[in-house]
file entry.csv (CSV, C-alpha atoms)
chain,number,residue,atom,x,y,z
A,27,MET,CA,-90.0,40.0,-52.6
A,28,ASP,CA,-93.5,41.0,-51.8
A,29,ASN,CA,-95.0,41.6,-55.3
A,30,PHE,CA,-94.5,39.3,-58.3
A,31,VAL,CA,-96.2,36.7,-60.5
A,32,ALA,CA,-95.0,33.1,-60.4
A,33,ILE,CA,-95.5,31.4,-63.7
A,34,ASP,CA,-95.4,27.9,-65.1
A,35,VAL,CA,-95.9,26.3,-68.5
A,36,GLU,CA,-96.3,22.8,-69.7
A,37,THR,CA,-95.5,21.7,-73.3
A,38,ALA,CA,-97.1,19.2,-75.6
A,39,ASN,CA,-93.9,18.1,-77.3
A,40,ASN,CA,-90.1,18.9,-77.7
A,41,GLU,CA,-90.8,22.2,-79.3
A,42,PRO,CA,-90.5,25.1,-76.8
A,43,SER,CA,-93.4,26.9,-78.4
A,44,SER,CA,-95.8,24.0,-77.8
A,45,ILE,CA,-97.3,25.4,-74.6
A,46,CYS,CA,-100.4,23.5,-73.8
A,47,ALA,CA,-101.0,24.8,-70.3
A,48,ILE,CA,-100.0,28.0,-68.5
A,49,ALA,CA,-100.6,29.2,-64.9
A,50,ALA,CA,-99.8,32.3,-63.0
A,51,VAL,CA,-100.0,33.1,-59.3
A,52,LYS,CA,-100.0,36.8,-58.4
A,53,VAL,CA,-98.4,37.7,-55.0
A,54,LEU,CA,-99.2,41.1,-53.6
A,55,ASP,CA,-97.9,42.3,-50.3
A,56,GLY,CA,-96.4,38.9,-49.6
A,57,ARG,CA,-99.7,37.0,-50.0
A,58,ILE,CA,-101.2,35.1,-52.9
A,59,ALA,CA,-103.8,37.4,-54.3
A,60,GLU,CA,-105.0,35.7,-57.6
A,61,ARG,CA,-104.5,32.6,-59.6
A,62,PHE,CA,-104.8,32.1,-63.4
A,63,TYR,CA,-104.8,28.8,-65.3
A,64,GLU,CA,-105.7,27.9,-68.8
A,65,LEU,CA,-105.2,25.1,-71.3
A,66,ILE,CA,-103.8,26.3,-74.7
A,67,LYS,CA,-104.0,24.8,-78.1
A,68,PRO,CA,-100.2,24.1,-78.7
A,69,GLU,CA,-98.1,25.2,-81.7
A,70,PRO,CA,-97.1,22.9,-83.2
A,71,ASP,CA,-100.3,21.0,-82.4
A,72,TYR,CA,-99.1,17.5,-81.7
A,73,TYR,CA,-98.5,15.6,-78.5
A,74,CYS,CA,-95.6,13.3,-77.6
A,75,ARG,CA,-96.7,10.4,-75.4
A,76,HIS,CA,-93.6,11.1,-73.1
A,77,PHE,CA,-95.0,14.5,-72.3
A,78,THR,CA,-98.7,13.9,-72.1
A,79,LEU,CA,-99.0,10.6,-70.3
A,80,ASN,CA,-95.8,10.4,-68.4
A,81,ILE,CA,-95.4,14.0,-67.2
A,82,HIS,CA,-98.6,16.2,-67.1
A,83,GLY,CA,-101.4,14.1,-68.6
A,84,ILE,CA,-102.7,16.8,-71.0
A,85,GLY,CA,-103.6,15.5,-74.4
A,86,ARG,CA,-105.1,16.6,-77.7
A,87,GLU,CA,-108.7,16.1,-76.5
A,88,ASP,CA,-108.0,18.5,-73.6
A,89,THR,CA,-106.8,21.4,-75.8
A,90,GLU,CA,-108.5,20.9,-79.2
A,91,ASN,CA,-111.0,23.7,-78.4
A,92,SER,CA,-108.7,25.9,-76.3
A,93,ARG,CA,-107.5,29.4,-77.2
A,94,LEU,CA,-104.2,30.0,-78.8
A,95,PHE,CA,-101.2,31.3,-76.9
A,96,CYS,CA,-101.4,34.7,-78.5
A,97,ASP,CA,-104.9,35.2,-77.0
A,98,VAL,CA,-104.1,33.7,-73.6
A,99,TRP,CA,-100.9,35.7,-73.3
A,100,ARG,CA,-102.8,39.0,-73.5
A,101,ASP,CA,-104.6,38.0,-70.4
A,102,ILE,CA,-101.4,36.9,-68.6
A,103,HIS,CA,-99.7,40.1,-69.6
A,104,ASP,CA,-102.6,42.1,-68.1
A,105,PHE,CA,-102.7,39.8,-65.1
A,106,ALA,CA,-99.0,40.4,-64.4
A,107,ASP,CA,-99.5,44.1,-64.7
A,108,GLY,CA,-95.7,44.8,-65.0
A,109,LEU,CA,-94.7,42.8,-62.0
A,110,THR,CA,-91.6,40.7,-62.0
A,111,LEU,CA,-92.1,37.1,-63.3
A,112,VAL,CA,-90.7,34.2,-61.3
A,113,ALA,CA,-90.4,30.6,-62.3
A,114,HIS,CA,-88.8,27.4,-61.0
A,115,ASN,CA,-86.2,26.8,-63.7
A,116,LYS,CA,-86.9,30.1,-65.5
A,117,THR,CA,-84.6,29.0,-68.3
A,118,PHE,CA,-87.3,26.5,-69.5
A,119,ASP,CA,-90.4,28.7,-68.9
A,120,GLU,CA,-88.8,31.9,-70.4
A,121,ARG,CA,-87.5,30.0,-73.4
A,122,CYS,CA,-91.0,28.5,-74.1
A,123,ILE,CA,-92.7,31.9,-73.6
A,124,ARG,CA,-90.2,33.6,-75.9
A,125,ALA,CA,-90.6,30.8,-78.5
A,126,ALA,CA,-94.4,31.1,-78.5
A,127,HIS,CA,-94.0,34.9,-78.9
A,128,ILE,CA,-91.9,34.3,-82.0
A,129,VAL,CA,-94.3,31.7,-83.5
A,130,TYR,CA,-97.2,34.1,-83.2
A,131,GLY,CA,-95.2,37.2,-84.4
A,132,MET,CA,-95.6,38.9,-81.0
A,133,ASP,CA,-93.2,41.4,-79.5
A,134,TYR,CA,-91.6,40.1,-76.3
A,135,PRO,CA,-91.5,42.9,-73.7
A,136,ASP,CA,-88.4,42.9,-71.6
A,137,TYR,CA,-89.9,41.1,-68.6
A,138,GLN,CA,-87.9,41.0,-65.4
A,139,PHE,CA,-87.7,37.2,-64.8
A,140,MET,CA,-86.3,35.6,-61.6
A,141,CYS,CA,-85.6,31.9,-60.8
A,142,THR,CA,-86.5,30.0,-57.7
A,143,LEU,CA,-84.3,27.1,-58.9
A,144,GLN,CA,-81.2,29.3,-59.0
A,145,ALA,CA,-82.2,30.9,-55.6
A,146,ALA,CA,-82.6,27.4,-54.0
A,147,ARG,CA,-79.2,26.4,-55.3
A,148,LYS,CA,-77.7,29.5,-53.8
A,149,HIS,CA,-79.5,29.3,-50.4
A,150,ILE,CA,-79.9,25.5,-49.7
A,151,PRO,CA,-76.7,23.4,-49.4
A,152,ARG,CA,-76.5,20.5,-51.9
A,153,ALA,CA,-76.0,18.1,-49.0
A,154,MET,CA,-79.5,19.0,-47.8
A,155,LEU,CA,-81.4,17.9,-51.0
A,156,SER,CA,-81.2,15.0,-53.4
A,157,SER,CA,-82.6,17.3,-56.1
A,158,TYR,CA,-83.5,20.9,-56.5
A,159,SER,CA,-86.6,20.1,-58.4
A,160,LEU,CA,-89.8,21.8,-57.3
A,161,PRO,CA,-91.2,19.0,-55.1
A,162,TYR,CA,-87.9,18.5,-53.2
A,163,VAL,CA,-87.4,22.3,-52.6
A,164,CYS,CA,-91.0,22.6,-51.4
A,165,GLU,CA,-90.6,19.6,-49.0
A,166,PHE,CA,-87.3,21.0,-47.6
A,167,LEU,CA,-88.9,24.4,-47.0
A,168,GLY,CA,-92.1,22.8,-45.4
A,169,ILE,CA,-94.3,23.9,-48.2
A,170,PRO,CA,-97.2,21.5,-48.9
A,171,PHE,CA,-97.0,20.5,-52.6
A,172,TYR,CA,-99.2,18.2,-54.6
A,173,ASN,CA,-99.8,17.4,-58.3
A,174,HIS,CA,-96.3,18.2,-59.8
A,175,HIS,CA,-96.5,19.2,-63.5
A,176,ASN,CA,-99.9,20.7,-63.1
A,177,ALA,CA,-99.1,24.2,-64.2
A,178,LEU,CA,-101.2,25.8,-61.4
A,179,ALA,CA,-99.8,23.6,-58.7
A,180,ASP,CA,-96.3,24.3,-59.9
A,181,ALA,CA,-96.8,28.1,-60.1
A,182,GLU,CA,-98.2,28.1,-56.6
A,183,GLY,CA,-95.3,26.0,-55.3
A,184,CYS,CA,-92.9,28.4,-57.0
A,185,ALA,CA,-94.7,31.4,-55.5
A,186,LYS,CA,-94.4,30.0,-52.0
A,187,ILE,CA,-90.7,29.2,-52.5
A,188,ALA,CA,-90.2,32.8,-53.8
A,189,MET,CA,-92.0,34.2,-50.7
A,190,THR,CA,-89.7,32.1,-48.5
A,191,ILE,CA,-86.2,32.6,-50.1
A,192,LEU,CA,-86.3,35.6,-52.4
call {"tool": "encode", "arguments": {"input": "entry.csv", "output": "structure tokens"}}
result
Amino acid sequence: MDNFVAIDVETANNEPSSICAIAAVKVLDGRIAERFYELIKPEPDYYCRHFTLNIHGIGREDTENSRLFCDVWRDIHDFADGLTLVAHNKTFDERCIRAAHIVYGMDYPDYQFMCTLQAARKHIPRAMLSSYSLPYVCEFLGIPFYNHHNALADAEGCAKIAMTIL
């Protein structure tokens, strides 16, 4: 796959619509061409300590003046420009994006969505990895990866995995 957009979201709480950060990495002709990252005021607007401190570190003070998902998604939609979306564990990211679309009364276009987690499970034998999570797959493939659960770092890691095995 030479042209796609890798995407990652982080949530503020257990509600899938509570996206508090989103990132997208556009790959054109097999090379990273552009990056997009933005914090989002989540809906519902509350944070669970488990998510904020233990996973991604984003809190209310970081997003209280941020734009809403409905406004940010317009930019992402334009950024993606009809390209296939790719996520590591697309089930999570796509579910969150769909839930946010519902919360804001937005139509969800029929995006083509591919998954690097599923691709890794297909192409890398289980005996080779202790986990198929993003850091482990990146390490196995020799992809430098830092700052797991930062949406931009995760989207870029996903993009590099996709360029390698999709």
call {"tool": "closest_residue", "arguments": {"input": "entry.csv", "among": "A:Ala126, A:Ala185, A:Cys74, A:Leu65", "to": "Val31 (chain A)", "atoms": "all atoms listed in the file"}}
result
A:Ala185
call {"tool": "atom_distance", "arguments": {"input": "entry.csv", "atom1": "CA of Ser92 (chain A)", "atom2": "CA of Pro70 (chain A)"}}
result
13.8 Å
call {"tool": "closest_residue", "arguments": {"input": "entry.csv", "among": "A:Val51, A:Leu167, A:Thr110, A:Met154", "to": "Met27 (chain A)", "atoms": "all atoms listed in the file"}}
result
A:Thr110
call {"tool": "closest_residue", "arguments": {"input": "entry.csv", "among": "A:Arg121, A:His82, A:Arg57, A:Lys67", "to": "Val98 (chain A)", "atoms": "only C-alpha atoms"}}
result
A:Lys67
call {"tool": "atom_distance", "arguments": {"input": "entry.csv", "atom1": "CA of Ala145 (chain A)", "atom2": "CA of Arg61 (chain A)"}}
result
22.7 Å
call {"tool": "closest_residue", "arguments": {"input": "entry.csv", "among": "A:Thr117, A:Asn40, A:Asn91, A:Ser156", "to": "Tyr72 (chain A)", "atoms": "only C-alpha atoms"}}
result
A:Asn40
call {"tool": "atom_distance", "arguments": {"input": "entry.csv", "atom1": "CA of Ile84 (chain A)", "atom2": "CA of Asn176 (chain A)"}}
result
9.2 Å
call {"tool": "residues_around", "arguments": {"input": "entry.csv", "residues": "Leu109 (chain A)", "least_positions_apart": "5", "cutoff": "12 Å", "atoms": "all atoms listed in the file", "output": "PyMOL selection string"}}
result
chain A and resi 27-33+50-54+102-104+136-140
call {"tool": "closest_residue", "arguments": {"input": "entry.csv", "among": "A:Val129, A:Ala47, A:Ala38, A:Leu160", "to": "Arg93 (chain A)", "atoms": "all atoms listed in the file"}}
result
A:Ala47
call {"tool": "closest_residue", "arguments": {"input": "entry.csv", "among": "A:Phe95, A:Phe105, A:Phe166, A:Tyr134", "to": "Thr190 (chain A)", "atoms": "only C-alpha atoms"}}
result
A:Phe166
call {"tool": "residues_near_point", "arguments": {"input": "entry.csv", "point": "(-87.6, 25.7, -72.9)", "cutoff": "10 Å", "atoms": "all atoms listed in the file", "output": "mmCIF file with C-alpha atoms, in the frame of the given file"}}
result
data_model
loop_
_atom_site.group_PDB
_atom_site.id
_atom_site.type_symbol
_atom_site.label_atom_id
_atom_site.label_comp_id
_atom_site.auth_asym_id
_atom_site.auth_seq_id
_atom_site.Cartn_x
_atom_site.Cartn_y
_atom_site.Cartn_z
ATOM 1 C CA VAL A 35 -95.900 26.300 -68.500
ATOM 2 C CA GLU A 36 -96.300 22.800 -69.700
ATOM 3 C CA THR A 37 -95.500 21.700 -73.300
ATOM 4 C CA ASN A 40 -90.100 18.900 -77.700
ATOM 5 C CA GLU A 41 -90.800 22.200 -79.300
ATOM 6 C CA PRO A 42 -90.500 25.100 -76.800
ATOM 7 C CA SER A 43 -93.400 26.900 -78.400
ATOM 8 C CA SER A 44 -95.800 24.000 -77.800
ATOM 9 C CA ILE A 45 -97.300 25.400 -74.600
ATOM 10 C CA ASN A 115 -86.200 26.800 -63.700
ATOM 11 C CA LYS A 116 -86.900 30.100 -65.500
ATOM 12 C CA THR A 117 -84.600 29.000 -68.300
ATOM 13 C CA PHE A 118 -87.300 26.500 -69.500
ATOM 14 C CA ASP A 119 -90.400 28.700 -68.900
ATOM 15 C CA GLU A 120 -88.800 31.900 -70.400
ATOM 16 C CA ARG A 121 -87.500 30.000 -73.400
ATOM 17 C CA CYS A 122 -91.000 28.500 -74.100
ATOM 18 C CA ILE A 123 -92.700 31.900 -73.600
ATOM 19 C CA ARG A 124 -90.200 33.600 -75.900
ATOM 20 C CA ALA A 125 -90.600 30.800 -78.500
#
call {"tool": "residues_around", "arguments": {"input": "entry.csv", "residues": "Arg147 (chain A)", "least_positions_apart": "6", "cutoff": "10 Å", "atoms": "only C-alpha atoms", "output": "ChimeraX atom specification"}}
result
/A:155,157-158,163
call {"tool": "write_last_selection", "arguments": {"input": "entry.csv", "atoms": "C-alpha atoms", "output": "PDB file, keeping the file's coordinate frame"}}
result
ATOM      1  CA  LEU A 155     -81.400  17.900 -51.000  1.00  0.00           C
ATOM      2  CA  SER A 157     -82.600  17.300 -56.100  1.00  0.00           C
ATOM      3  CA  TYR A 158     -83.500  20.900 -56.500  1.00  0.00           C
ATOM      4  CA  VAL A 163     -87.400  22.300 -52.600  1.00  0.00           C
TER       5      VAL A 163
END
call {"tool": "residues_near_point", "arguments": {"input": "entry.csv", "point": "(-102.3, 26.5, -66.6)", "cutoff": "6 Å", "atoms": "all atoms listed in the file", "output": "PDB file with C-alpha atoms, keeping the file's coordinate frame"}}
result
ATOM      1  CA  ALA A  47    -101.000  24.800 -70.300  1.00  0.00           C
ATOM      2  CA  ILE A  48    -100.000  28.000 -68.500  1.00  0.00           C
ATOM      3  CA  ALA A  49    -100.600  29.200 -64.900  1.00  0.00           C
ATOM      4  CA  TYR A  63    -104.800  28.800 -65.300  1.00  0.00           C
ATOM      5  CA  GLU A  64    -105.700  27.900 -68.800  1.00  0.00           C
ATOM      6  CA  LEU A  65    -105.200  25.100 -71.300  1.00  0.00           C
ATOM      7  CA  ALA A 177     -99.100  24.200 -64.200  1.00  0.00           C
ATOM      8  CA  LEU A 178    -101.200  25.800 -61.400  1.00  0.00           C
TER       9      LEU A 178
END
call {"tool": "decode", "arguments": {"input": "entry.csv", "residues": "region 138-152 of chain A", "atoms": "all heavy atoms", "output": "short mmCIF file (atom, residue, chain, number, x, y, z; two decimals), in the first residue's frame"}}
result
data_model
loop_
_atom_site.label_atom_id
_atom_site.label_comp_id
_atom_site.auth_asym_id
_atom_site.auth_seq_id
_atom_site.Cartn_x
_atom_site.Cartn_y
_atom_site.Cartn_z
N GLN A 138 -13.03 3.29 3.88
CA GLN A 138 -12.34 2.01 3.84
C GLN A 138 -11.32 2.06 4.98
O GLN A 138 -10.54 3.01 5.08
CB GLN A 138 -11.64 1.80 2.50
CG GLN A 138 -10.96 0.46 2.42
CD GLN A 138 -10.29 0.21 1.09
OE1 GLN A 138 -10.27 1.04 0.20
NE2 GLN A 138 -9.71 -0.96 0.95
N PHE A 139 -11.35 1.06 5.85
CA PHE A 139 -10.53 1.05 7.05
C PHE A 139 -9.77 -0.27 7.12
O PHE A 139 -10.37 -1.33 7.09
CB PHE A 139 -11.45 1.17 8.28
CG PHE A 139 -11.03 2.15 9.32
CD1 PHE A 139 -11.84 3.22 9.62
CD2 PHE A 139 -9.85 2.00 10.02
CE1 PHE A 139 -11.49 4.14 10.60
CE2 PHE A 139 -9.48 2.90 11.00
CZ PHE A 139 -10.30 3.98 11.29
N MET A 140 -8.46 -0.20 7.21
CA MET A 140 -7.64 -1.41 7.32
C MET A 140 -6.97 -1.44 8.68
O MET A 140 -6.87 -0.42 9.36
CB MET A 140 -6.61 -1.44 6.20
CG MET A 140 -7.26 -1.52 4.82
SD MET A 140 -6.07 -1.71 3.51
CE MET A 140 -5.63 -3.42 3.76
N CYS A 141 -6.48 -2.63 9.06
CA CYS A 141 -5.94 -2.82 10.42
C CYS A 141 -4.56 -3.44 10.39
O CYS A 141 -4.38 -4.56 9.90
CB CYS A 141 -6.90 -3.70 11.21
SG CYS A 141 -6.42 -3.91 12.94
N THR A 142 -3.58 -2.74 10.97
CA THR A 142 -2.23 -3.29 11.04
C THR A 142 -2.11 -4.35 12.13
O THR A 142 -1.24 -5.22 12.04
CB THR A 142 -1.17 -2.19 11.26
OG1 THR A 142 -1.51 -1.43 12.42
CG2 THR A 142 -1.07 -1.28 10.05
N LEU A 143 -2.98 -4.32 13.12
CA LEU A 143 -2.98 -5.38 14.14
C LEU A 143 -3.37 -6.71 13.49
O LEU A 143 -2.69 -7.73 13.68
CB LEU A 143 -3.94 -5.04 15.28
CG LEU A 143 -4.15 -6.12 16.35
CD1 LEU A 143 -2.86 -6.46 17.07
CD2 LEU A 143 -5.22 -5.68 17.34
N GLN A 144 -4.45 -6.70 12.71
CA GLN A 144 -4.87 -7.92 12.01
C GLN A 144 -3.80 -8.38 11.02
O GLN A 144 -3.51 -9.58 10.91
CB GLN A 144 -6.19 -7.68 11.28
CG GLN A 144 -7.36 -7.47 12.20
CD GLN A 144 -8.62 -7.01 11.46
OE1 GLN A 144 -8.61 -6.83 10.24
NE2 GLN A 144 -9.69 -6.81 12.21
N ALA A 145 -3.19 -7.43 10.33
CA ALA A 145 -2.14 -7.77 9.37
C ALA A 145 -0.93 -8.38 10.08
O ALA A 145 -0.34 -9.36 9.60
CB ALA A 145 -1.72 -6.54 8.57
N ALA A 146 -0.55 -7.83 11.23
CA ALA A 146 0.58 -8.37 11.99
C ALA A 146 0.28 -9.79 12.44
O ALA A 146 1.15 -10.67 12.36
CB ALA A 146 0.89 -7.47 13.18
N ARG A 147 -0.93 -10.03 12.91
CA ARG A 147 -1.30 -11.39 13.33
C ARG A 147 -1.24 -12.37 12.17
O ARG A 147 -0.94 -13.54 12.36
CB ARG A 147 -2.70 -11.38 13.95
CG ARG A 147 -2.72 -10.76 15.33
CD ARG A 147 -4.12 -10.75 15.91
NE ARG A 147 -4.09 -10.26 17.28
CZ ARG A 147 -5.10 -9.63 17.86
NH1 ARG A 147 -6.24 -9.43 17.20
NH2 ARG A 147 -4.99 -9.20 19.10
N LYS A 148 -1.51 -11.89 10.99
CA LYS A 148 -1.50 -12.74 9.81
C LYS A 148 -0.07 -13.02 9.32
O LYS A 148 0.25 -14.12 8.89
CB LYS A 148 -2.30 -12.07 8.69
CG LYS A 148 -2.38 -12.87 7.42
CD LYS A 148 -3.25 -12.15 6.40
CE LYS A 148 -3.26 -12.91 5.08
NZ LYS A 148 -4.03 -12.21 4.05
N HIS A 149 0.81 -12.00 9.41
CA HIS A 149 2.13 -12.10 8.80
C HIS A 149 3.26 -12.45 9.77
O HIS A 149 4.34 -12.85 9.32
CB HIS A 149 2.49 -10.80 8.09
CG HIS A 149 1.61 -10.51 6.92
ND1 HIS A 149 1.65 -11.22 5.75
CD2 HIS A 149 0.63 -9.59 6.75
CE1 HIS A 149 0.76 -10.76 4.91
NE2 HIS A 149 0.12 -9.76 5.49
N ILE A 150 3.05 -12.26 11.07
CA ILE A 150 4.11 -12.52 12.04
C ILE A 150 3.68 -13.68 12.94
O ILE A 150 2.67 -13.57 13.64
CB ILE A 150 4.40 -11.27 12.90
CG1 ILE A 150 4.79 -10.09 12.01
CG2 ILE A 150 5.53 -11.57 13.90
CD1 ILE A 150 4.85 -8.75 12.76
N PRO A 151 4.42 -14.78 12.94
CA PRO A 151 4.04 -15.93 13.77
C PRO A 151 3.99 -15.56 15.26
O PRO A 151 4.84 -14.81 15.75
CB PRO A 151 5.15 -16.95 13.51
CG PRO A 151 5.79 -16.52 12.23
CD PRO A 151 5.62 -15.03 12.16
N ARG A 152 3.01 -16.08 15.95
CA ARG A 152 2.80 -15.79 17.39
C ARG A 152 4.05 -16.08 18.21
O ARG A 152 4.36 -15.37 19.16
CB ARG A 152 1.60 -16.59 17.90
CG ARG A 152 1.30 -16.38 19.34
CD ARG A 152 0.82 -14.96 19.56
NE ARG A 152 0.48 -14.77 20.96
CZ ARG A 152 0.73 -13.67 21.63
NH1 ARG A 152 1.29 -12.65 21.03
NH2 ARG A 152 0.41 -13.56 22.88
#
